[in-house]
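Colleague: Before we start, here is the structure in question, set down as structure tokens.
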Amino acid sequence: MNNYLPPSMAMPSLASQAARTTEIEAPGESRVAALLLARYNLRYLVRLYSAFDGDLLLPIVLGEVGLYNVGGFGFDENALAALRCYGDAFDRLPLRPCNAFSISSSTGIPRETVRRKVSHLIQNGWITRDAKGGLTITAKAAALCLQPFDDENLPDFIATADRVRTVMMRAAA
């Protein structure tokens with residue numbers, strides 16, 4: 001190929017045309033997958049908005065508390081079995097407490113805002129504060145708030161994941 005011609009004027013070889021076609025198609029499939037995920041994420045945010053009375057910071061704070069609390073469990077079968085429990089058994093889980101400062105640091109939400117959200121979550125019975133100020137999620141949060149939400153969210157998530165997998169497998173073929 002003539003290196004003196006601008007790329008737009010150079011005549012590409014058949015091999016480079018095939019490579020370019022693959023470059024165009026693969027990102028196209030990636031864009032389709034991204035769109036599918038964006039549609040799912042939007043539906044998920046709308047469900048969160050509804051479940052938390054329009055306050056999207058509440059599920060972020062609650063989620064950070066919960067994920068930090070169970071962070072020491074790992075994801076082996078014993079840990080997953082422990083997380084499946086409800087009621088009194090849930091209250092006996094060895095959860096790692098966190099604090100408003102760590103939630104603020106991990107989310108970027110200002111500390112005072114986190115404190116207000118924590119107070120709201122405590123009033124609703126979704127998290128508790130121990131004598132040292134440590135925050136943990138409650139069985140109520142797991143049973144009353146998350147389960148009905150999961151019942152609606154899970155089929156949507158699985159359907160979206162299947163569609164994304166199909167699109168990406170098509171791109172890889």
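How things are named: the first chain in the structure tokens is A, the next is B, and so on; residues count from 1 in each chain; ligands count from 1 in the order shown.
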Write out as a compact mmCIF listing (two decimals) with N, CA and C atoms, in the first residue's frame the residues lying within 9 Å of A:Leu95, counting only C-alpha atoms and excluding same-chain residues fewer than 5 positions away.

Modeller:
```txt
# COMPACT_ATOMS: atom_id res chain seq x y z
N GLY A 66 -25.33 -3.15 53.82
CA GLY A 66 -25.51 -4.59 53.69
C GLY A 66 -24.31 -5.30 53.09
N TYR A 68 -21.20 -4.27 53.03
CA TYR A 68 -20.08 -4.23 53.98
C TYR A 68 -20.31 -5.27 55.09
N ASN A 69 -21.56 -5.34 55.58
CA ASN A 69 -21.88 -6.28 56.65
C ASN A 69 -21.54 -7.72 56.29
N VAL A 70 -21.83 -8.13 55.08
CA VAL A 70 -21.61 -9.52 54.68
C VAL A 70 -20.27 -9.71 53.98
N GLY A 71 -19.50 -8.64 53.84
CA GLY A 71 -18.23 -8.70 53.12
C GLY A 71 -17.23 -9.70 53.66
N GLY A 72 -17.29 -10.02 54.92
CA GLY A 72 -16.35 -10.97 55.51
C GLY A 72 -16.75 -12.42 55.32
N PHE A 73 -17.94 -12.66 54.78
CA PHE A 73 -18.43 -14.03 54.63
C PHE A 73 -17.75 -14.79 53.50
N THR A 136 -25.76 -2.13 60.94
CA THR A 136 -26.00 -3.43 60.29
C THR A 136 -27.41 -3.46 59.73
N ILE A 137 -27.57 -4.22 58.65
CA ILE A 137 -28.91 -4.40 58.09
C ILE A 137 -29.71 -5.32 59.01
```

Colleague: Can you tell me which residues surround A:Thr138 at a distance of at most 8 Å, considering only C-alpha atoms, apart from same-chain residues fewer than 3 positions away, and format the answer as a ChimeraX atom specification?

Modeller: /A:90-91,125-128,141-142

Colleague: Smallest atom-to-atom distance to A:Arg116: which of A:Leu42, A:Val32, A:Val61, A:Met168, using only C-alpha atoms?

Modeller: A:Val61

Colleague: For A:Tyr49, which residue among A:Thr166, A:Leu35, A:Thr107, A:Phe149 is the nearest when counting only C-alpha atoms?

Modeller: A:Phe149

Colleague: For A:Val46, work out the shell of residues within 12 Å, counting only C-alpha atoms and skipping chain neighbours fewer than 5 positions away, then give it as a compact mmCIF listing (two decimals) with N, CA, C and O atoms, in the first residue's frame.

Modeller:
```
# COMPACT_ATOMS: atom_id res chain seq x y z
N ARG A 39 -31.30 -0.35 29.18
CA ARG A 39 -32.75 -0.50 29.36
C ARG A 39 -33.06 -1.23 30.67
O ARG A 39 -33.96 -0.84 31.41
N TYR A 40 -32.30 -2.29 30.95
CA TYR A 40 -32.49 -3.01 32.21
C TYR A 40 -32.18 -2.09 33.40
O TYR A 40 -32.95 -2.02 34.36
N ASN A 41 -31.05 -1.38 33.33
CA ASN A 41 -30.67 -0.50 34.44
C ASN A 41 -31.72 0.58 34.69
O ASN A 41 -32.00 0.92 35.84
N ALA A 51 -39.75 1.64 45.15
CA ALA A 51 -39.61 0.90 46.41
C ALA A 51 -39.14 1.79 47.56
O ALA A 51 -39.46 1.52 48.72
N PHE A 52 -38.41 2.85 47.25
CA PHE A 52 -37.87 3.74 48.29
C PHE A 52 -38.50 5.13 48.23
O PHE A 52 -37.86 6.12 48.59
N ASP A 53 -39.74 5.19 47.81
CA ASP A 53 -40.53 6.43 47.80
C ASP A 53 -39.79 7.61 47.17
O ASP A 53 -39.81 8.73 47.69
N GLY A 54 -39.12 7.36 46.08
CA GLY A 54 -38.48 8.43 45.33
C GLY A 54 -37.12 8.86 45.81
O GLY A 54 -36.55 9.81 45.28
N ASP A 55 -36.58 8.20 46.81
CA ASP A 55 -35.27 8.58 47.34
C ASP A 55 -34.23 7.54 46.93
O ASP A 55 -34.07 6.51 47.58
N LEU A 56 -33.51 7.81 45.85
CA LEU A 56 -32.54 6.84 45.33
C LEU A 56 -31.28 6.74 46.18
O LEU A 56 -30.50 5.79 46.02
N PHE A 149 -38.97 -7.06 45.93
CA PHE A 149 -38.24 -6.37 44.87
C PHE A 149 -37.50 -7.38 44.01
O PHE A 149 -37.51 -7.31 42.79
N GLU A 152 -39.62 -9.28 41.46
CA GLU A 152 -39.90 -8.55 40.23
C GLU A 152 -38.63 -8.37 39.40
O GLU A 152 -38.65 -8.42 38.17
N ASN A 153 -37.51 -8.18 40.06
CA ASN A 153 -36.27 -7.86 39.37
C ASN A 153 -35.60 -9.09 38.75
O ASN A 153 -35.06 -9.00 37.66
```

Colleague: In terms of the shortest atom-to-atom distance over only C-alpha atoms, which of A:Ala33, A:Leu154, A:Ala131, A:Leu57 is closest to A:Pro110?

Modeller: A:Leu57

Colleague: Which is closest to A:Lys140 among A:Ala172, A:Ile109, A:Leu121, A:Ala38, if we use only C-alpha atoms?

Modeller: A:Leu121
